[in-house]
Structure formats: C-alpha cells, structure tokens
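Below is query-v1.cif, holding mmCIF, C-alpha atoms.
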data_input
loop_
_atom_site.label_atom_id
_atom_site.label_comp_id
_atom_site.auth_asym_id
_atom_site.auth_seq_id
_atom_site.Cartn_x
_atom_site.Cartn_y
_atom_site.Cartn_z
CA GLY A 730 2.45 17.65 9.46
CA SER A 731 4.15 16.49 12.58
CA GLY A 732 7.90 16.24 12.65
CA GLY A 733 8.76 19.26 10.53
CA GLY A 734 7.31 18.45 7.14
CA GLY A 735 4.12 19.01 5.20
CA GLY A 736 1.26 16.99 6.65
CA SER A 737 -1.11 15.01 4.53
CA SER A 738 -4.33 13.09 4.68
CA GLY A 739 -2.85 10.43 2.42
CA GLY A 740 -1.45 7.10 3.58
CA GLY A 741 1.65 5.13 2.75
CA GLY A 742 5.01 6.74 2.21
CA ALA A 743 7.13 4.26 4.15
CA CYS A 744 10.66 3.92 2.78
CA ARG A 745 12.45 0.73 1.87
CA ARG A 746 14.42 -1.43 4.30
CA ASP A 747 16.33 -3.48 1.73
CA GLY A 748 19.42 -1.27 1.74
CA GLY A 749 18.85 0.00 -1.79
CA ALA A 750 19.35 3.52 -3.05
CA ALA A 751 15.86 4.50 -2.00
CA ALA A 752 16.28 3.19 1.52
CA CYS A 753 16.16 5.61 4.43
CA SER A 754 17.13 5.57 8.07
CA TYR A 755 14.72 4.53 10.80
CA LEU A 756 15.61 6.59 13.84
CA PRO A 757 14.95 5.43 17.41
CA PRO A 758 13.70 8.04 19.91
CA SER A 759 17.07 9.46 21.00
CA ALA A 760 18.34 9.80 17.42
CA ALA A 761 15.02 11.28 16.26
CA SER A 762 15.06 14.05 18.88
CA ALA A 763 18.70 14.88 18.10
CA ARG A 764 18.03 14.97 14.36
CA LEU A 765 14.81 16.99 14.56
CA GLY A 766 15.85 19.40 17.29
CA TYR A 767 13.49 18.71 20.19
CA GLU A 768 14.03 17.35 23.69
CA ASP A 769 12.56 13.90 24.31
CA VAL A 770 10.81 14.00 27.70
CA ASN A 771 8.94 10.72 27.43
CA GLU A 772 10.68 9.27 30.49
CA SER A 773 10.16 12.29 32.76
CA GLY A 774 6.57 12.86 31.62
CA ASN A 775 4.27 15.86 31.33
CA PHE A 776 5.23 19.04 33.13
CA VAL A 777 4.23 22.65 33.70
CA LEU A 778 6.51 25.64 34.08
CA SER A 779 6.74 27.31 37.47
CA ALA A 780 5.38 30.85 37.92
CA CYS A 781 8.85 32.28 37.27
CA GLY A 782 8.99 30.32 34.02
CA THR A 783 12.37 28.71 34.70
CA ARG A 784 11.60 25.51 36.61
CA ARG A 785 9.77 22.44 35.38
CA VAL A 786 7.19 20.95 37.72
CA ALA A 787 6.07 17.39 36.95
CA VAL A 788 2.33 16.83 36.54
CA ARG A 789 1.15 14.56 39.34
CA TYR A 790 -1.46 11.91 38.64
CA ALA A 791 -3.79 10.24 41.13
CA PRO A 792 -3.94 6.43 41.38
CA HIS A 793 -7.19 6.28 39.39
CA GLU A 794 -5.43 8.04 36.49
CA ALA A 795 -3.01 5.15 35.96
CA LEU A 796 -3.80 2.85 33.05
CA SER A 797 -5.83 -0.22 33.94
CA ALA A 798 -3.89 -3.46 34.31
CA GLU A 799 -5.41 -4.67 31.03
CA LEU A 800 -4.24 -1.62 29.08
CA ALA A 801 -0.87 -1.48 30.85
CA GLU A 802 -0.12 -4.92 29.40
CA ARG A 803 -0.76 -3.54 25.89
CA VAL A 804 1.66 -0.60 26.11
CA VAL A 805 4.23 -0.70 23.30
CA GLU A 806 7.87 -0.44 24.36
CA TYR A 807 8.84 3.18 23.61
CA GLY A 808 12.22 2.16 22.23
CA LYS A 809 10.49 0.21 19.45
CA LEU A 810 9.10 3.39 17.87
CA ARG A 811 10.92 4.82 14.86
CA ALA A 812 11.01 8.09 12.94
CA PHE A 813 11.46 8.04 9.18
CA GLU A 814 11.29 10.42 6.25
CA THR A 815 8.23 9.77 4.12
CA SER A 816 8.89 9.18 0.43
CA ASP A 817 6.05 11.39 -0.82
CA GLY A 818 7.17 14.75 0.54
CA ARG A 819 5.16 14.79 3.78
CA GLY A 820 8.21 15.19 5.97
CA TRP A 821 8.86 12.86 8.89
CA GLY A 822 6.52 10.10 10.01
CA LEU A 823 6.16 7.51 12.76
CA CYS A 824 6.32 3.72 12.62
CA CYS A 825 7.06 0.82 14.94
CA ALA A 826 9.81 -1.78 14.61
CA ARG A 827 7.40 -4.55 15.60
CA ARG A 828 3.94 -5.60 14.51
CA LEU A 829 1.09 -3.94 16.38
CA ARG A 830 -2.14 -5.59 17.39
CA ARG A 831 -5.49 -3.89 17.47
CA GLY A 832 -5.86 -2.28 20.90
CA ASP A 833 -2.13 -1.80 21.56
CA VAL A 834 -1.34 1.44 23.40
CA VAL A 835 1.30 2.94 21.13
CA VAL A 836 2.37 6.19 22.80
CA GLU A 837 1.17 8.84 25.24
CA ALA A 838 0.95 12.56 24.50
CA ILE A 839 3.89 13.99 26.47
CA GLY A 840 5.17 17.55 26.62
CA ARG A 841 4.73 20.88 28.36
CA CYS A 842 1.19 21.39 29.68
CA LEU A 843 -0.21 24.84 28.92
CA SER A 844 -2.82 26.98 30.62
CA GLU A 845 -5.38 28.83 28.54
CA GLU A 846 -3.30 31.99 28.74
CA GLU A 847 -0.09 30.18 27.81
CA TYR A 848 -1.78 28.49 24.87
CA GLU A 849 -3.08 31.80 23.51
CA ALA A 850 0.50 33.11 23.55
CA VAL A 851 1.83 30.18 21.48
CA ASP A 852 2.67 31.17 17.90
CA GLN A 853 3.03 27.63 16.54
CA THR A 854 0.26 25.27 17.63
CA GLU A 855 0.91 22.43 15.19
CA TYR A 856 2.44 20.26 17.92
CA VAL A 857 -0.23 20.94 20.56
CA VAL A 858 -2.60 18.14 21.57
CA SER A 859 -5.80 18.96 23.41
CA PHE A 860 -9.24 17.58 24.32
CA ASP A 861 -12.62 17.83 22.62
CA ASP A 862 -14.61 21.06 23.10
CA GLU A 863 -17.04 19.70 25.68
CA THR A 864 -14.27 18.18 27.80
CA LEU A 865 -12.22 21.38 27.61
CA GLU A 866 -15.14 23.42 28.91
CA ARG A 867 -15.57 21.07 31.85
CA LYS A 868 -11.84 21.13 32.58
CA ARG A 869 -11.75 24.93 32.51
CA ALA A 870 -14.70 25.10 34.91
CA ALA A 871 -12.94 22.67 37.26
CA GLY A 872 -9.66 24.59 37.16
CA ASP A 873 -7.80 21.60 35.74
CA ASP A 874 -4.11 22.19 34.94
CA VAL A 875 -3.91 19.87 31.90
CA LEU A 876 -5.72 21.64 29.05
CA TYR A 877 -3.13 21.57 26.27
CA ILE A 878 0.04 19.49 25.78
CA ASP A 879 2.70 21.19 23.65
CA ALA A 880 5.33 18.84 22.19
CA ARG A 881 7.10 21.31 19.91
CA GLN A 882 10.25 21.89 22.00
CA GLN A 883 9.81 19.17 24.63
CA GLY A 884 7.88 16.12 23.54
CA ASN A 885 8.14 12.51 22.43
CA MET A 886 7.64 10.36 19.35
CA MET A 887 3.90 11.07 19.24
CA ARG A 888 4.72 14.43 17.66
CA LEU A 889 5.81 12.55 14.51
CA ALA A 890 2.50 10.80 13.82
CA ASN A 891 0.98 12.37 10.72
CA ASP A 892 -2.66 13.26 10.08
CA SER A 893 -4.73 10.93 7.91
CA ALA A 894 -8.28 10.55 6.67
CA GLN A 895 -7.81 6.78 7.06
CA PRO A 896 -5.80 6.48 10.28
CA ASN A 897 -4.70 3.30 12.03
CA LEU A 898 -4.44 4.98 15.44
CA LYS A 899 -7.08 6.68 17.57
CA LEU A 900 -6.75 9.22 20.37
CA LEU A 901 -7.90 7.81 23.71
CA TYR A 902 -8.55 10.14 26.66
CA TRP A 903 -7.81 8.76 30.12
CA PRO A 904 -9.23 8.14 32.64
CA PRO A 905 -12.75 7.37 31.37
CA PRO A 906 -15.83 8.80 33.12
CA GLN A 907 -16.44 5.50 34.92
CA ARG A 908 -13.29 6.07 36.96
CA GLY A 909 -14.39 9.51 38.11
CA GLY A 910 -13.02 12.96 37.39
CA LEU A 911 -11.93 14.41 34.08
CA PRO A 912 -9.43 12.94 31.59
CA ARG A 913 -5.93 14.38 32.03
CA ARG A 914 -3.99 12.01 29.78
CA ALA A 915 -4.18 11.10 26.08
CA PHE A 916 -2.85 8.03 24.28
CA LEU A 917 -2.69 6.83 20.69
CA VAL A 918 -4.16 3.32 20.41
CA ALA A 919 -4.01 1.00 17.40
CA THR A 920 -7.42 0.55 15.74
CA ALA A 921 -6.23 -2.38 13.61
CA ASP A 922 -3.35 -4.82 13.30
CA VAL A 923 -0.42 -2.91 11.78
CA PRO A 924 2.65 -4.51 10.16
CA ALA A 925 6.09 -3.56 11.41
CA TYR A 926 7.45 -0.37 9.81
CA ALA A 927 4.07 0.66 8.34
CA GLU A 928 3.34 4.34 8.91
CA LEU A 929 1.26 5.14 11.99
CA THR A 930 -1.28 7.95 11.58
CA TRP A 931 -4.27 9.47 13.35
CA SER A 932 -6.87 12.15 12.67
CA TYR A 933 -5.99 15.56 14.08
CA GLY A 934 -9.69 16.46 14.36
CA GLN A 935 -11.98 18.90 12.60
CA HIS A 936 -10.43 22.08 14.02
CA TYR A 937 -6.87 21.47 12.84
CA PRO A 938 -5.81 23.65 9.87
CA ARG A 939 -4.78 21.56 6.86
CA PRO A 940 -3.21 23.96 4.34
CA TRP A 941 -2.06 21.04 2.18
CA LEU A 942 -5.66 20.13 1.30
CA PRO A 943 -7.46 21.74 -1.69
CA GLY A 944 -9.27 24.90 -0.67
CA ARG A 945 -7.50 25.14 2.71
CA GLY A 946 -5.14 28.09 2.80
CA PRO A 947 -2.26 28.54 5.25
CA GLY A 948 -2.87 29.88 8.71
CA ARG A 949 -3.87 28.97 12.22
CA GLY A 950 -7.35 27.74 11.33
CA ASP A 951 -9.76 28.52 14.13
CA GLY A 952 -6.98 28.45 16.69
CA LYS A 953 -7.65 24.93 17.94
CA ALA A 954 -5.03 22.29 18.66
CA ARG A 955 -5.03 18.67 17.56
CA ALA A 956 -7.99 16.97 19.22
CA MET A 957 -10.78 14.55 18.62
CA PRO A 958 -13.94 16.09 17.14
CA PRO A 959 -16.42 17.34 19.76
CA ALA A 960 -18.84 14.52 18.92
CA VAL A 961 -16.20 11.94 19.83
CA GLY A 962 -15.45 11.62 23.53
CA VAL A 963 -13.75 9.25 25.87
CA ALA A 964 -16.94 7.22 26.33
CA GLU A 965 -16.62 6.02 22.74
CA GLY A 966 -13.03 4.94 23.25
CA VAL A 967 -13.53 2.72 26.28
CA ALA A 968 -16.32 0.87 28.04
CA GLU A 969 -15.98 -0.44 31.57
CA GLU A 970 -17.23 -3.90 32.50
CA ALA A 971 -16.69 -5.05 36.09
CA GLU A 972 -12.99 -4.56 36.90
CA GLY A 973 -11.70 -4.61 33.34
CA LEU A 974 -11.74 -2.20 30.42
CA ARG A 975 -12.50 -3.32 26.88
CA LEU A 976 -11.54 -1.14 23.93
CA HIS A 977 -14.17 -0.38 21.33
CA LEU A 978 -12.15 0.73 18.35
CA SER A 979 -14.66 0.44 15.55
CA SER A 980 -14.69 3.37 13.18
CA SER A 981 -16.60 6.38 14.43
#

Can I see the file as structure tokens?
Amino acid sequence: GSGGGGGSSGGGGACRRDGGAAACSYLPPSAASARLGYEDVNESGNFVLSACGTRRVAVRYAPHEALSAELAERVVEYGKLRAFETSDGRGWGLCCARRLRRGDVVVEAIGRCLSEEEYEAVDQTEYVVSFDDETLERKRAAGDDVLYIDARQQGNMMRLANDSAQPNLKLLYWPPPQRGGLPRRAFLVATADVPAYAELTWSYGQHYPRPWLPGRGPGRGDGKARAMPPAVGVAEGVAEEAEGLRLHLSSS
C-alpha cells in the first residue's frame, strides 16, 4: 500500500489518540516526509525533468485548469492532513485532523510527471497515479505532457492514502470536459462525511496489482498505475450547471 507498507482493501486501522500504550503518532506533512524518506513538493507543485535530467521544470496550467470557485472553497488545508501507522499491519495511512464534509477536496496528486518512455523505465510503480485508459489514449494523441504522476521520491500526502474496496475518497480528474481540453490534474474528494482522524482511502482501480488479496501474487500486474477504472471518467465526477460545478459523488 501507499506509504511503505502492505496495502489492503480492508478499512479501519486508525490508532488511538488517548495517550495509552497503543497510541501512535500522527505526523503532519513535514514530519511524514522526513520519517518516510520522500521530498514533499506539495507547495511547488507538479514538475517534469529537463532533457538533461537535472533540472525541474514546473508544469504550467492554463486559467481554465484552475479549480472552480465553488471547489476552491472546499479545499482542505494541507497542514491538517496526518500520516499514521495502521494498527493492522497495512503500513502507513492517511487521515485528517478535522472532520471532512462530503465534497471536500482533500488533496491533489503531486509529484514528478512522467512521459510514456519515462514511465516504462520506472521499476516501482506503486506510487504512480494516472488517468483512465480512454483519457490516456486521448492525451497521448494530443501530445499532452501530464500522463503519469510519480510520487515515490517527490510527492505529497496523497501517496499515503491506502486502497480500499469501500473507500471514502474518490479520484476526480480536472478540468472536466465542459471546460474544454483534457484533464491534467487529479484530486481526491470526500464521498461522505468523515470524522477527524478516521482513515482516508480510495480505490486504486482495476489495473493495480494487489498481492495482498487471495489469489493475487506479487508483481507489477499489467503494468498500469493507480487510476480510475476505464468505465469511470471525469464526466461522472462532476456536472456543470451554468457557472457553478456540482459534485455527484454517489457510488459508481
């Protein structure tokens, strides 16, 4: 699973906050990256490597790729996110120090953006977030530079959100078709009200290898990164009405 442990489709696993023997530490972003050995680049944002491979070049977004005013008001303060060790052996997980409301924008997928060639050269894809198959094909045809987002060495707290068959977060591609162009950003959005310090999870999609499940051996699976299933696209995540956007977060 994300964060350097064994992933799981199970829920729960949050540790106690009463100071007892079973209590664990809840780490804010800076402490989490130091403890787990990755660079937190949430503030600087997505980037690509220059042709020489030594310089980071920030991904530039057009005005229509900014979140709508309605969604921008629902963005969770990044400093409220916490990393914690799950109590059931699934490694590290993600939670929030405040209660979440359905429709809150919890965190964006941030890291190094990879080309097709760069992605094929990656040995460890467990921290790579991508798009559904149909969207990827359209992005390749258009020559888009945001195909895969690798958070293994440079990332943010999203890399800690574990896989679940009953998630409380959903991947939202942005911008939606109504705004024109192809989605070049991805966010995790709350699909229900979530209590403070409850574990936050999402579904990694049908292509992601899950060696912890019965009958699923270790390996790279079919070589796909974390993504929504092909049947689930951005049109399901948002619907545009006049100037505003209204989230439709019913179960797919």

In terms of all atoms listed in the file, the residue from A:Ala780, A:Leu889, A:Val875, A:Val786 at minimal distance from A:Pro758 is A:Leu889

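Atom to atom, atom CA of A:Tyr933 and atom CA of A:Gln895 stand 11.4 Å apart.
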
Selection in question (the file shown): the PyMOL selection byres ((chain A and resi 770) around 10). Which residues does it include, as a PDB file with C-alpha atoms, keeping the file's coordinate frame?
ATOM      1  CA  SER A 762      15.060  14.050  18.880  1.00  0.00           C
ATOM      2  CA  TYR A 767      13.490  18.710  20.190  1.00  0.00           C
ATOM      3  CA  GLU A 768      14.030  17.350  23.690  1.00  0.00           C
ATOM      4  CA  ASP A 769      12.560  13.900  24.310  1.00  0.00           C
ATOM      5  CA  ASN A 771       8.940  10.720  27.430  1.00  0.00           C
ATOM      6  CA  GLU A 772      10.680   9.270  30.490  1.00  0.00           C
ATOM      7  CA  SER A 773      10.160  12.290  32.760  1.00  0.00           C
ATOM      8  CA  GLY A 774       6.570  12.860  31.620  1.00  0.00           C
ATOM      9  CA  ASN A 775       4.270  15.860  31.330  1.00  0.00           C
ATOM     10  CA  PHE A 776       5.230  19.040  33.130  1.00  0.00           C
ATOM     11  CA  ILE A 839       3.890  13.990  26.470  1.00  0.00           C
ATOM     12  CA  GLY A 840       5.170  17.550  26.620  1.00  0.00           C
ATOM     13  CA  ARG A 841       4.730  20.880  28.360  1.00  0.00           C
ATOM     14  CA  ALA A 880       5.330  18.840  22.190  1.00  0.00           C
ATOM     15  CA  GLN A 882      10.250  21.890  22.000  1.00  0.00           C
ATOM     16  CA  GLN A 883       9.810  19.170  24.630  1.00  0.00           C
ATOM     17  CA  GLY A 884       7.880  16.120  23.540  1.00  0.00           C
ATOM     18  CA  ASN A 885       8.140  12.510  22.430  1.00  0.00           C
ATOM     19  CA  MET A 886       7.640  10.360  19.350  1.00  0.00           C
TER      20      MET A 886
END

So that I can check the surroundings of A:Asn897, please list as an mmCIF file with C-alpha atoms, keeping the file's coordinate frame every protein, DNA and RNA residue that reaches within 6 Å of it, counting only C-alpha atoms and ignoring chain neighbours fewer than 2 positions away.
data_model
loop_
_atom_site.group_PDB
_atom_site.id
_atom_site.type_symbol
_atom_site.label_atom_id
_atom_site.label_comp_id
_atom_site.auth_asym_id
_atom_site.auth_seq_id
_atom_site.Cartn_x
_atom_site.Cartn_y
_atom_site.Cartn_z
ATOM 1 C CA ALA A 919 -4.010 1.000 17.400
ATOM 2 C CA THR A 920 -7.420 0.550 15.740
ATOM 3 C CA THR A 930 -1.280 7.950 11.580
#

Given the file shown, enumerate the residues that the PyMOL selection byres ((chain A and resi 798-803) around 6) captures and present them as a tab-separated table (two decimals) with C-alpha atoms, in the frame of the given file.
chain	number	residue	atom	x	y	z
A	796	LEU	CA	-3.80	2.85	33.05
A	797	SER	CA	-5.83	-0.22	33.94
A	804	VAL	CA	1.66	-0.60	26.11
A	833	ASP	CA	-2.13	-1.80	21.56
A	834	VAL	CA	-1.34	1.44	23.40

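Put simply, atom CA of A:Pro906 is 22.6 Å away from atom CA of A:Ser932.
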
**Asked** Which of these residues is nearest to A:Asp862, using all atoms listed in the file: A:Gly934, A:Gly766, A:Leu901, A:Leu929?
**Response**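 Of A:Gly934, A:Gly766, A:Leu901, A:Leu929, the one nearest A:Asp862, counting all atoms listed in the file, is A:Gly934.
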